[in-house]
Each structure stands twice: as structure tokens, then as C-alpha cells.
$ cat upload-v4.txt   # compact mmCIF, C-alpha atoms
# COMPACT_ATOMS: atom_id res chain seq x y z
CA MET Q 7 -31.59 7.38 -32.71
CA ARG Q 8 -30.43 11.01 -32.94
CA PHE Q 9 -28.24 11.84 -35.93
CA ASP Q 10 -25.46 13.27 -33.74
CA CYS Q 11 -25.16 9.94 -31.90
CA ILE Q 12 -23.79 8.05 -34.92
CA ILE Q 13 -20.88 8.50 -37.27
CA SER Q 14 -20.18 6.78 -40.55
CA THR Q 15 -17.12 4.95 -41.82
CA TYR Q 16 -16.12 2.18 -44.17
CA TYR Q 17 -14.91 -1.34 -43.35
CA GLY Q 18 -13.54 -2.96 -46.48
CA GLY Q 19 -16.07 -1.09 -48.56
CA ASP Q 20 -19.02 -1.87 -46.29
CA PHE Q 21 -20.90 1.16 -45.02
CA ILE Q 22 -21.31 0.97 -41.26
CA LYS Q 23 -22.72 3.48 -38.79
CA LEU Q 24 -20.73 3.69 -35.57
CA ASN Q 25 -22.44 4.51 -32.30
CA LYS Q 26 -20.81 7.20 -30.15
CA TYR Q 27 -19.70 6.36 -26.62
CA THR Q 28 -17.69 8.02 -23.86
CA LEU Q 29 -15.63 6.32 -21.18
CA TYR Q 30 -15.50 8.49 -18.05
CA LEU Q 31 -12.45 7.55 -15.98
CA ASP Q 32 -11.11 8.25 -12.51
CA GLU Q 33 -8.31 6.81 -10.41
CA SER Q 34 -7.71 5.78 -6.82
CA LEU Q 35 -4.69 4.81 -4.72
CA VAL Q 36 -5.05 2.88 -1.46
CA ASP Q 37 -2.20 2.53 1.05
CA ASN Q 38 0.28 3.89 -1.53
CA ASN Q 39 0.33 0.47 -3.19
CA PHE Q 40 -3.04 -0.52 -4.61
CA PHE Q 41 -3.88 1.52 -7.72
CA ALA Q 42 -7.11 1.46 -9.74
CA LEU Q 43 -8.06 3.21 -12.96
CA ALA Q 44 -11.73 2.62 -13.73
CA GLY Q 45 -14.96 4.22 -14.87
CA ILE Q 46 -18.23 3.96 -16.74
CA VAL Q 47 -19.16 3.82 -20.41
CA ILE Q 48 -22.11 6.00 -21.45
CA LYS Q 49 -23.66 6.01 -24.90
CA ASN Q 50 -23.82 9.65 -25.94
CA ASP Q 51 -27.59 9.61 -26.40
CA GLN Q 52 -27.92 8.56 -22.73
CA VAL Q 53 -26.13 11.60 -21.33
CA ASP Q 54 -29.13 13.94 -21.04
CA SER Q 55 -31.32 11.44 -19.17
CA ILE Q 56 -28.47 10.48 -16.83
CA ASP Q 57 -27.81 14.16 -16.17
CA HIS Q 58 -31.45 14.53 -15.06
CA GLU Q 59 -31.13 11.51 -12.75
CA VAL Q 60 -27.96 12.84 -11.13
CA LYS Q 61 -29.62 16.23 -10.55
CA ASP Q 62 -32.74 14.55 -9.13
CA LEU Q 63 -30.49 12.67 -6.68
CA LYS Q 64 -29.01 15.97 -5.52
CA VAL Q 65 -32.45 17.48 -4.97
CA THR Q 66 -33.32 14.43 -2.85
CA LEU Q 67 -30.10 14.77 -0.82
CA TRP Q 68 -30.53 18.51 -0.20
CA PRO Q 69 -34.32 19.07 0.00
CA SER Q 70 -33.95 22.27 2.05
CA LEU Q 71 -31.98 24.03 -0.68
CA ARG Q 72 -33.41 25.73 -3.72
CA MET Q 73 -33.61 23.26 -6.58
CA HIS Q 74 -31.10 25.16 -8.72
CA THR Q 75 -28.62 25.35 -5.83
CA ALA Q 76 -28.92 21.64 -5.05
CA LYS Q 77 -28.43 20.67 -8.70
CA SER Q 78 -25.25 22.78 -8.91
CA ILE Q 79 -23.47 20.86 -6.12
CA VAL Q 80 -20.75 18.55 -7.45
CA LEU Q 81 -20.76 15.00 -6.05
CA HIS Q 82 -17.48 13.61 -4.66
CA GLN Q 83 -16.99 10.29 -2.91
CA MET Q 84 -13.80 11.12 -1.01
CA PRO Q 85 -15.04 14.13 1.01
CA ALA Q 86 -18.34 12.33 1.69
CA ASN Q 87 -16.31 9.46 3.19
CA GLN Q 88 -14.18 11.88 5.18
CA PHE Q 89 -17.21 13.71 6.56
CA LEU Q 90 -18.68 10.40 7.68
CA HIS Q 91 -15.55 9.23 9.50
CA GLY Q 92 -13.80 12.50 10.37
CA SER Q 93 -13.54 14.41 13.64
CA THR Q 94 -15.44 17.64 14.20
CA GLN Q 95 -12.29 19.64 13.48
CA ARG Q 96 -11.62 17.69 10.31
CA ARG Q 97 -15.19 18.21 9.11
CA GLU Q 98 -14.88 21.97 9.53
CA LYS Q 99 -11.79 22.01 7.32
CA LEU Q 100 -13.55 19.85 4.74
CA ALA Q 101 -16.54 22.21 4.75
CA GLU Q 102 -14.22 25.12 3.96
CA ARG Q 103 -12.84 23.22 0.99
CA PHE Q 104 -15.90 21.46 -0.44
CA GLY Q 105 -18.76 23.56 0.93
CA LYS Q 106 -20.91 23.39 4.03
CA GLU Q 107 -23.48 21.39 2.08
CA TYR Q 108 -21.25 18.34 2.53
CA LYS Q 109 -21.86 18.36 6.28
CA ILE Q 110 -24.95 16.22 5.70
CA PHE Q 111 -22.69 13.22 5.04
CA SER Q 112 -21.58 13.10 8.66
CA ASN Q 113 -24.93 11.34 9.00
CA ARG Q 114 -24.82 7.67 7.94
CA THR Q 115 -28.35 7.78 6.46
CA ASN Q 116 -27.44 10.65 4.13
CA TYR Q 117 -24.16 9.01 3.18
CA ASN Q 118 -25.94 5.76 2.31
CA ALA Q 119 -28.50 7.71 0.26
CA LEU Q 120 -25.64 9.18 -1.79
CA ILE Q 121 -23.85 5.87 -2.36
CA ASN Q 122 -27.01 3.91 -3.10
CA GLY Q 123 -28.34 6.70 -5.33
CA VAL Q 124 -25.25 6.61 -7.53
CA GLY Q 125 -25.39 2.81 -7.58
CA ASN Q 126 -29.02 2.89 -8.66
CA ILE Q 127 -28.19 5.19 -11.59
CA ILE Q 128 -25.45 2.82 -12.75
CA GLU Q 129 -27.74 -0.19 -12.42
CA LYS Q 130 -30.87 1.39 -13.92
CA ASN Q 131 -28.98 2.57 -17.01
CA SER Q 132 -26.94 -0.65 -17.34
CA LEU Q 133 -23.69 1.33 -17.48
CA PRO Q 134 -20.70 -0.92 -18.27
CA ILE Q 135 -17.67 -0.68 -15.97
CA ILE Q 136 -14.18 -0.86 -17.47
CA GLY Q 137 -10.91 -0.58 -15.57
CA ALA Q 138 -7.82 -2.16 -14.06
CA ALA Q 139 -6.40 -2.51 -10.55
CA VAL Q 140 -2.73 -3.09 -9.74
CA ASP Q 141 -1.08 -4.47 -6.60
CA GLU Q 142 2.34 -2.90 -7.07
CA LYS Q 143 4.20 -4.89 -4.40
CA ARG Q 144 2.91 -8.25 -5.64
CA VAL Q 145 3.78 -7.39 -9.24
CA LYS Q 146 7.31 -6.49 -8.19
CA ASN Q 147 7.70 -9.58 -5.99
CA LEU Q 148 6.37 -11.99 -8.62
CA ASN Q 149 8.74 -10.58 -11.22
CA ASN Q 150 11.78 -10.07 -8.94
CA LEU Q 151 11.82 -6.36 -9.72
CA ASN Q 152 13.93 -3.97 -7.67
CA ARG Q 153 12.77 -0.87 -9.50
CA PRO Q 154 9.52 1.09 -9.37
CA ILE Q 155 6.76 0.08 -11.75
CA ASP Q 156 4.39 2.42 -13.56
CA SER Q 157 0.96 1.22 -12.46
CA TYR Q 158 -0.69 3.97 -14.48
CA LYS Q 159 0.80 2.76 -17.76
CA ILE Q 160 -0.02 -0.86 -16.92
CA ALA Q 161 -3.63 0.04 -16.18
CA THR Q 162 -3.89 2.30 -19.23
CA GLN Q 163 -2.89 -0.51 -21.60
CA ILE Q 164 -5.59 -2.74 -20.15
CA VAL Q 165 -8.27 -0.05 -20.12
CA VAL Q 166 -7.64 0.97 -23.74
CA GLU Q 167 -7.59 -2.65 -24.90
CA ASN Q 168 -10.88 -3.50 -23.19
CA TYR Q 169 -12.53 -0.24 -24.23
CA VAL Q 170 -11.58 -0.93 -27.86
CA ASN Q 171 -12.97 -4.46 -27.44
CA PHE Q 172 -16.23 -2.90 -26.23
CA LEU Q 173 -16.32 -0.42 -29.12
CA VAL Q 174 -15.61 -3.08 -31.75
CA LYS Q 175 -18.33 -5.38 -30.41
CA HIS Q 176 -20.82 -2.52 -30.15
CA GLU Q 177 -19.89 -1.01 -33.54
CA GLY Q 178 -18.81 2.16 -31.83
CA ARG Q 179 -16.28 4.95 -31.67
CA GLY Q 180 -15.56 6.68 -28.41
CA ASN Q 181 -13.81 9.35 -26.40
CA VAL Q 182 -12.22 9.08 -22.98
CA ILE Q 183 -12.92 11.85 -20.46
CA PHE Q 184 -10.94 12.52 -17.29
CA GLU Q 185 -11.38 15.04 -14.54
CA SER Q 186 -8.94 17.86 -15.28
CA ARG Q 187 -6.04 18.08 -12.81
CA ALA Q 188 -4.75 21.35 -14.25
CA THR Q 189 -4.12 24.18 -11.79
CA GLY Q 190 -4.12 27.60 -13.37
CA ASP Q 191 -1.83 27.56 -16.39
CA ASP Q 192 -0.10 24.34 -15.24
CA ASP Q 193 -1.56 21.38 -17.10
CA LYS Q 194 1.46 19.04 -16.85
CA THR Q 195 -0.62 16.31 -15.20
CA ASN Q 196 -3.23 16.42 -17.97
CA LEU Q 197 -0.52 16.31 -20.63
CA ALA Q 198 1.12 13.30 -18.97
CA VAL Q 199 -2.17 11.39 -18.93
CA GLN Q 200 -2.92 12.39 -22.52
CA SER Q 201 0.56 11.34 -23.62
CA THR Q 202 0.16 7.88 -22.08
CA PHE Q 203 -3.15 7.29 -23.86
CA TYR Q 204 -1.96 8.58 -27.20
CA MET Q 205 1.16 6.42 -26.99
CA VAL Q 206 -1.08 3.35 -26.70
CA LYS Q 207 -3.28 4.67 -29.50
CA ALA Q 208 -0.25 5.20 -31.77
CA ARG Q 209 1.34 1.81 -31.08
CA GLY Q 210 -1.71 -0.36 -30.52
CA THR Q 211 -2.09 -2.89 -27.70
CA LEU Q 212 -1.01 -6.51 -27.25
CA LEU Q 213 -4.16 -7.70 -29.02
CA PHE Q 214 -5.30 -4.79 -31.21
CA PRO Q 215 -3.10 -3.25 -33.95
CA GLU Q 216 -2.79 0.51 -34.05
CA TYR Q 217 -5.11 0.97 -37.06
CA LEU Q 218 -7.97 -0.73 -35.21
CA VAL Q 219 -7.36 1.26 -32.02
CA GLN Q 220 -7.28 4.48 -34.03
CA LYS Q 221 -10.45 3.58 -35.91
CA HIS Q 222 -12.47 3.15 -32.71
CA LEU Q 223 -10.73 5.33 -30.10
CA ASN Q 224 -11.19 9.04 -30.71
CA ASN Q 225 -9.85 11.64 -28.25
CA VAL Q 226 -8.75 11.93 -24.63
CA LEU Q 227 -10.46 14.96 -23.12
CA PHE Q 228 -10.37 16.77 -19.75
CA ARG Q 229 -13.18 18.53 -17.92
CA LYS Q 230 -13.15 20.32 -14.59
CA LYS Q 231 -15.34 18.91 -11.84
CA THR Q 232 -16.87 22.39 -11.55
CA ASN Q 233 -18.43 21.78 -15.00
CA ASN Q 234 -20.88 19.52 -13.13
CA ASP Q 235 -20.43 16.71 -15.65
CA PRO Q 236 -22.73 13.80 -14.70
CA GLY Q 237 -20.45 11.13 -16.15
CA LEU Q 238 -17.42 12.31 -14.21
CA GLN Q 239 -19.41 12.53 -11.00
CA ILE Q 240 -20.60 8.93 -11.32
CA ALA Q 241 -17.10 7.76 -12.30
CA ASP Q 242 -15.77 9.34 -9.11
CA PHE Q 243 -17.45 6.52 -7.16
CA VAL Q 244 -15.99 3.64 -9.18
CA PRO Q 245 -12.20 3.11 -8.82
CA ASN Q 246 -11.85 3.24 -5.03
CA ASN Q 247 -13.96 0.11 -4.60
CA PHE Q 248 -11.68 -1.85 -6.93
CA ALA Q 249 -8.52 -0.48 -5.31
CA ARG Q 250 -9.91 -1.57 -1.95
CA LYS Q 251 -10.92 -4.95 -3.29
CA ILE Q 252 -7.45 -5.78 -4.61
CA ALA Q 253 -6.14 -4.57 -1.24
CA ASP Q 254 -8.51 -7.07 0.44
CA LYS Q 255 -10.37 -4.28 2.24
CA ASN Q 256 -14.10 -3.80 2.73
CA THR Q 257 -15.96 -1.91 0.02
CA ASN Q 258 -19.09 0.20 0.40
CA SER Q 259 -22.64 -0.74 -0.56
CA ILE Q 260 -22.11 0.15 -4.22
CA GLY Q 261 -19.43 -2.53 -4.50
CA ARG Q 262 -21.75 -5.37 -5.53
CA ILE Q 263 -23.40 -3.24 -8.23
CA LEU Q 264 -19.99 -2.32 -9.66
CA LEU Q 265 -18.93 -5.96 -9.78
CA ASN Q 266 -22.16 -6.93 -11.52
CA ARG Q 267 -21.90 -4.11 -14.06
CA ARG Q 268 -18.35 -4.95 -15.25
CA TYR Q 269 -18.17 -5.30 -19.02
CA ASP Q 270 -17.89 -9.03 -19.77
CA GLY Q 271 -16.72 -8.98 -23.39
CA MET Q 272 -20.13 -10.43 -24.32
CA ILE Q 273 -18.72 -13.84 -23.34
CA SER Q 274 -19.30 -13.71 -19.55
CA LYS Q 275 -15.70 -12.81 -18.65
CA PRO Q 276 -16.00 -9.65 -16.49
CA GLU Q 277 -12.79 -10.43 -14.60
CA TYR Q 278 -10.89 -10.08 -17.91
CA PHE Q 279 -12.83 -7.56 -20.00
CA GLY Q 280 -14.37 -5.49 -17.20
CA VAL Q 281 -11.95 -4.70 -14.40
CA ARG Q 282 -8.77 -6.75 -14.57
CA PHE Q 283 -6.67 -7.27 -11.46
CA ILE Q 284 -2.88 -7.33 -11.86
CA PRO Q 285 -1.71 -9.80 -10.75
CA TYR Q 286 -4.89 -11.86 -11.05
CA ILE Q 287 -6.58 -12.62 -7.71
$ encode --input "upload-v4.txt" --output "C-alpha cells"
Amino acid sequence: MRFDCIISTYYGGDFIKLNKYTLYLDESLVDNNFFALAGIVIKNDQVDSIDHEVKDLKVTLWPSLRMHTAKSIVLHQMPANQFLHGSTQRREKLAERFGKEYKIFSNRTNYNALINGVGNIIEKNSLPIIGAAVDEKRVKNLNNLNRPIDSYKIATQIVVENYVNFLVKHEGRGNVIFESRATGDDDKTNLAVQSTFYMVKARGTLLFPEYLVQKHLNNVLFRKKTNNDPGLQIADFVPNNFARKIADKNTNSIGRILLNRRYDGMISKPEYFGVRFIPYI
């Protein structure tokens, strides 16, 4: 194991080496009611090999482009979906925004190659899935609430708790990485997300006291999609399937892989430790 993939700390005087992990997170909202915050956990010494696999997938998807050009394209699920189902006029507007390279996803075969390719990377590397999905209307109805609820904070509590559970059981310490939503000098959205996570880190969760959360959870970081980060690109394909599932809608072909790769707490409970639905379905 590479030296930069472990850190050292003390537990009651016992010297323990902690593995380094990163949770790459993204979010999805379906029908303005079904919210999901979910992503993948990657051990830091896996990042380079996964980066190569993501770039190889791009070369396969765009064989007519120069290899360097193909590898520089950033993968997004949403525009790929919109190219597949959109009108000709809609596709032209999407091409202006995301690049003409995305036109290939108007073809079902190419779209399936993208979805299945990402799914294969998740499965091959045994990447754990951690997240939460919230049905806002059902939560409000079950609790007789007449006020808005903060699905993001609800999901964040669950995600932090289950990520800390993962880190404790794998003797690890980890970061959380989001896609940056900052526009120019305006980073209010990033600061709001960071504030929510650090509030949980400062106060602890329902099950984990703050000192344990702080021992295992490191920083919340933001990276732009244009950085071509492989973890963020894979995470982009995760939350929408869970938002659609709690909404009782069809998911795409990666859905079964995501369900199977949910973190199970090492006690075969993926519905609790992997991606938790609120309320439970």
C-alpha cells in the first residue's frame, strides 16, 4: 500500500493506521418532490486505475476523435438522457451547451454503452454506494407538517452517519467531494452545502458523537466538473436512480448494479447503511 494512502492516529494509546477514502456525492430531484443525495466511496489508492477506466470508456464511446480529445470530454447523465429523448430542436440547444460530441447519445446503442460502461466500472471496482432519498410529501403527511422540510439536511445527516459507519468499520478517514456549483465569484451554494456538513461534523449524529465523527470525517471539498474528476463523473450517474425509485418510476439499466453495490454495514443491511429511503418503503 502506498504511504500516502494511510494516515496514523491513536485510539486509547493503540497505534492504528487509517486508510484514506473519498465519498463523491451528487444530488437529484424528481418531480420537485423526490430528492436523493448519493454517491460512491473510492479508496484513494484506487483513483488512478479508475481514472484510466473512465478515460478508456470515453475512447470507446468516441472512437472517431483523437484519444486526447475523447478523454477530455466530461461525462454527464442528464444531457445524455435529454439527447436520447429530446426533439431535434432541443438536441441542438443541448449541443451548444454541452458540446456536439453529446449528439451520439441520441442513439440508444451509444446511450446504453455509456450507462452500462459506468455500471461496469462501479461493479468491477466494488465501489460502495452511500446515500439517502426523501419523499417530501409523504414525510410531511406522516408527520402532519404544514411547513416545508429541508430534505437536504435530512439526507446529509443520514449520509454522514453511514459514511462514518463505513470509515469506522474500514479503519479509515475520509473526505467528501461535491461538484462545485460556484459561478464566478459567487460560491453561496458551495458554502451552504459546506455549512450543512460541518454542522453535522461539529454536533455529531444520532448515533455517533462529535469526537468520533471528527476523528474519521476530514473535509468537504468542491471540484468543478471541468476538472474531469473520475469520481465525480461516476457519482453523477448515482442519485437519479434512487430519486426515481422512491418516486416509483422506472430506472435505467445501471439501477440493479447500484442496488447491489449499496454499502450494507457489513451486516447485510443495505437498505439502512447504503441508501436509506425516508420514509422507509
$ closest_atom_pairs --input "upload-v4.txt" --of "region 119-214 of chain Q" --to "region 78-82 of chain Q" --cutoff "12 Å" --atoms "all atoms listed in the file" --output "CSV"
residue,atom,partner,partner_atom,distance
Q:Leu120,CA,Q:Leu81,CA,8.7
Q:Ile121,CA,Q:His82,CA,10.3
Q:Gly123,CA,Q:Leu81,CA,11.3
Q:Val124,CA,Q:Leu81,CA,9.6
Q:Glu185,CA,Q:His82,CA,11.7
$ closest_residue --input "upload-v4.txt" --among "Q:Asn224, Q:Arg282, Q:His91, Q:Phe104" --to "Gln163 (chain Q)" --atoms "all atoms listed in the file"
Q:Arg282
$ closest_atom_pairs --input "upload-v4.txt" --of "region 66-184 of chain Q" --to "region 269-272 of chain Q" --cutoff "7 Å" --atoms "all atoms listed in the file" --output "JSON lines"
{"residue": "Q:Pro134", "atom": "CA", "partner": "Q:Tyr269", "partner_atom": "CA", "distance": 5.1}
{"residue": "Q:Ile135", "atom": "CA", "partner": "Q:Tyr269", "partner_atom": "CA", "distance": 5.6}
{"residue": "Q:Ile136", "atom": "CA", "partner": "Q:Tyr269", "partner_atom": "CA", "distance": 6.2}
{"residue": "Q:Phe172", "atom": "CA", "partner": "Q:Gly271", "partner_atom": "CA", "distance": 6.7}
$ atom_distance --input "upload-v4.txt" --atom1 "CA of Ala86 (chain Q)" --atom2 "CA of Gly105 (chain Q)"
11.3 Å
$ atom_distance --input "upload-v4.txt" --atom1 "CA of Ile48 (chain Q)" --atom2 "CA of Lys61 (chain Q)"
16.7 Å
$ build_atoms --input "upload-v4.txt" --residues "region 227-238 of chain Q" --atoms "all heavy atoms" --output "PDB file, keeping the file's coordinate frame"
ATOM      1  N   LEU Q 227     -10.048  13.605 -23.456  1.00  0.00           N
ATOM      2  CA  LEU Q 227     -10.460  14.960 -23.120  1.00  0.00           C
ATOM      3  C   LEU Q 227     -10.441  15.166 -21.599  1.00  0.00           C
ATOM      4  O   LEU Q 227     -10.471  14.207 -20.829  1.00  0.00           O
ATOM      5  CB  LEU Q 227     -11.873  15.223 -23.651  1.00  0.00           C
ATOM      6  CG  LEU Q 227     -12.087  14.929 -25.144  1.00  0.00           C
ATOM      7  CD1 LEU Q 227     -13.561  15.007 -25.491  1.00  0.00           C
ATOM      8  CD2 LEU Q 227     -11.275  15.885 -26.000  1.00  0.00           C
ATOM      9  N   PHE Q 228     -10.411  16.435 -21.179  1.00  0.00           N
ATOM     10  CA  PHE Q 228     -10.370  16.770 -19.750  1.00  0.00           C
ATOM     11  C   PHE Q 228     -11.451  17.811 -19.440  1.00  0.00           C
ATOM     12  O   PHE Q 228     -11.623  18.766 -20.191  1.00  0.00           O
ATOM     13  CB  PHE Q 228      -9.000  17.313 -19.360  1.00  0.00           C
ATOM     14  CG  PHE Q 228      -7.895  16.324 -19.576  1.00  0.00           C
ATOM     15  CD1 PHE Q 228      -7.234  16.253 -20.798  1.00  0.00           C
ATOM     16  CD2 PHE Q 228      -7.529  15.446 -18.572  1.00  0.00           C
ATOM     17  CE1 PHE Q 228      -6.222  15.337 -21.011  1.00  0.00           C
ATOM     18  CE2 PHE Q 228      -6.524  14.514 -18.776  1.00  0.00           C
ATOM     19  CZ  PHE Q 228      -5.867  14.460 -19.992  1.00  0.00           C
ATOM     20  N   ARG Q 229     -12.160  17.575 -18.355  1.00  0.00           N
ATOM     21  CA  ARG Q 229     -13.180  18.530 -17.920  1.00  0.00           C
ATOM     22  C   ARG Q 229     -13.006  18.773 -16.424  1.00  0.00           C
ATOM     23  O   ARG Q 229     -12.701  17.852 -15.666  1.00  0.00           O
ATOM     24  CB  ARG Q 229     -14.586  17.991 -18.182  1.00  0.00           C
ATOM     25  CG  ARG Q 229     -14.942  17.922 -19.649  1.00  0.00           C
ATOM     26  CD  ARG Q 229     -16.336  17.384 -19.874  1.00  0.00           C
ATOM     27  NE  ARG Q 229     -16.619  17.228 -21.288  1.00  0.00           N
ATOM     28  CZ  ARG Q 229     -17.664  16.558 -21.766  1.00  0.00           C
ATOM     29  NH1 ARG Q 229     -18.516  15.978 -20.936  1.00  0.00           N
ATOM     30  NH2 ARG Q 229     -17.844  16.454 -23.077  1.00  0.00           N
ATOM     31  N   LYS Q 230     -13.226  19.982 -16.013  1.00  0.00           N
ATOM     32  CA  LYS Q 230     -13.150  20.320 -14.590  1.00  0.00           C
ATOM     33  C   LYS Q 230     -14.395  19.801 -13.874  1.00  0.00           C
ATOM     34  O   LYS Q 230     -15.487  19.788 -14.441  1.00  0.00           O
ATOM     35  CB  LYS Q 230     -13.025  21.829 -14.409  1.00  0.00           C
ATOM     36  CG  LYS Q 230     -11.702  22.410 -14.913  1.00  0.00           C
ATOM     37  CD  LYS Q 230     -11.622  23.890 -14.614  1.00  0.00           C
ATOM     38  CE  LYS Q 230     -10.291  24.468 -15.089  1.00  0.00           C
ATOM     39  NZ  LYS Q 230      -9.156  23.904 -14.352  1.00  0.00           N
ATOM     40  N   LYS Q 231     -14.202  19.378 -12.619  1.00  0.00           N
ATOM     41  CA  LYS Q 231     -15.340  18.910 -11.840  1.00  0.00           C
ATOM     42  C   LYS Q 231     -16.397  20.012 -11.709  1.00  0.00           C
ATOM     43  O   LYS Q 231     -17.593  19.740 -11.626  1.00  0.00           O
ATOM     44  CB  LYS Q 231     -14.864  18.492 -10.438  1.00  0.00           C
ATOM     45  CG  LYS Q 231     -14.584  16.994 -10.306  1.00  0.00           C
ATOM     46  CD  LYS Q 231     -15.867  16.176 -10.265  1.00  0.00           C
ATOM     47  CE  LYS Q 231     -15.605  14.685 -10.168  1.00  0.00           C
ATOM     48  NZ  LYS Q 231     -14.858  14.307  -8.973  1.00  0.00           N
ATOM     49  N   THR Q 232     -15.936  21.269 -11.690  1.00  0.00           N
ATOM     50  CA  THR Q 232     -16.870  22.390 -11.550  1.00  0.00           C
ATOM     51  C   THR Q 232     -17.807  22.503 -12.753  1.00  0.00           C
ATOM     52  O   THR Q 232     -18.801  23.230 -12.686  1.00  0.00           O
ATOM     53  CB  THR Q 232     -16.107  23.710 -11.371  1.00  0.00           C
ATOM     54  OG1 THR Q 232     -15.116  23.839 -12.400  1.00  0.00           O
ATOM     55  CG2 THR Q 232     -15.407  23.739 -10.012  1.00  0.00           C
ATOM     56  N   ASN Q 233     -17.516  21.794 -13.851  1.00  0.00           N
ATOM     57  CA  ASN Q 233     -18.430  21.780 -15.000  1.00  0.00           C
ATOM     58  C   ASN Q 233     -19.693  20.989 -14.704  1.00  0.00           C
ATOM     59  O   ASN Q 233     -20.632  20.985 -15.490  1.00  0.00           O
ATOM     60  CB  ASN Q 233     -17.749  21.171 -16.226  1.00  0.00           C
ATOM     61  CG  ASN Q 233     -16.707  22.095 -16.835  1.00  0.00           C
ATOM     62  OD1 ASN Q 233     -16.513  23.217 -16.375  1.00  0.00           O
ATOM     63  ND2 ASN Q 233     -16.030  21.618 -17.855  1.00  0.00           N
ATOM     64  N   ASN Q 234     -19.697  20.268 -13.551  1.00  0.00           N
ATOM     65  CA  ASN Q 234     -20.880  19.520 -13.130  1.00  0.00           C
ATOM     66  C   ASN Q 234     -21.245  18.415 -14.124  1.00  0.00           C
ATOM     67  O   ASN Q 234     -22.421  18.155 -14.379  1.00  0.00           O
ATOM     68  CB  ASN Q 234     -22.071  20.476 -12.939  1.00  0.00           C
ATOM     69  CG  ASN Q 234     -22.992  20.039 -11.810  1.00  0.00           C
ATOM     70  OD1 ASN Q 234     -22.791  18.995 -11.191  1.00  0.00           O
ATOM     71  ND2 ASN Q 234     -24.011  20.829 -11.554  1.00  0.00           N
ATOM     72  N   ASP Q 235     -20.224  17.768 -14.663  1.00  0.00           N
ATOM     73  CA  ASP Q 235     -20.430  16.710 -15.650  1.00  0.00           C
ATOM     74  C   ASP Q 235     -20.980  15.467 -14.967  1.00  0.00           C
ATOM     75  O   ASP Q 235     -20.350  14.935 -14.046  1.00  0.00           O
ATOM     76  CB  ASP Q 235     -19.100  16.386 -16.335  1.00  0.00           C
ATOM     77  CG  ASP Q 235     -19.265  15.412 -17.483  1.00  0.00           C
ATOM     78  OD1 ASP Q 235     -19.589  14.243 -17.223  1.00  0.00           O
ATOM     79  OD2 ASP Q 235     -19.060  15.830 -18.645  1.00  0.00           O
ATOM     80  N   PRO Q 236     -22.139  14.956 -15.387  1.00  0.00           N
ATOM     81  CA  PRO Q 236     -22.730  13.800 -14.700  1.00  0.00           C
ATOM     82  C   PRO Q 236     -21.899  12.534 -14.812  1.00  0.00           C
ATOM     83  O   PRO Q 236     -21.805  11.750 -13.863  1.00  0.00           O
ATOM     84  CB  PRO Q 236     -24.092  13.634 -15.388  1.00  0.00           C
ATOM     85  CG  PRO Q 236     -23.914  14.260 -16.739  1.00  0.00           C
ATOM     86  CD  PRO Q 236     -22.989  15.414 -16.515  1.00  0.00           C
ATOM     87  N   GLY Q 237     -21.264  12.326 -15.973  1.00  0.00           N
ATOM     88  CA  GLY Q 237     -20.450  11.130 -16.150  1.00  0.00           C
ATOM     89  C   GLY Q 237     -19.254  11.104 -15.224  1.00  0.00           C
ATOM     90  O   GLY Q 237     -18.937  10.072 -14.617  1.00  0.00           O
ATOM     91  N   LEU Q 238     -18.577  12.253 -15.094  1.00  0.00           N
ATOM     92  CA  LEU Q 238     -17.420  12.310 -14.210  1.00  0.00           C
ATOM     93  C   LEU Q 238     -17.810  12.137 -12.748  1.00  0.00           C
ATOM     94  O   LEU Q 238     -17.076  11.529 -11.968  1.00  0.00           O
ATOM     95  CB  LEU Q 238     -16.687  13.646 -14.380  1.00  0.00           C
ATOM     96  CG  LEU Q 238     -15.772  13.778 -15.595  1.00  0.00           C
ATOM     97  CD1 LEU Q 238     -15.139  15.159 -15.632  1.00  0.00           C
ATOM     98  CD2 LEU Q 238     -14.684  12.705 -15.579  1.00  0.00           C
TER      99      LEU Q 238
END
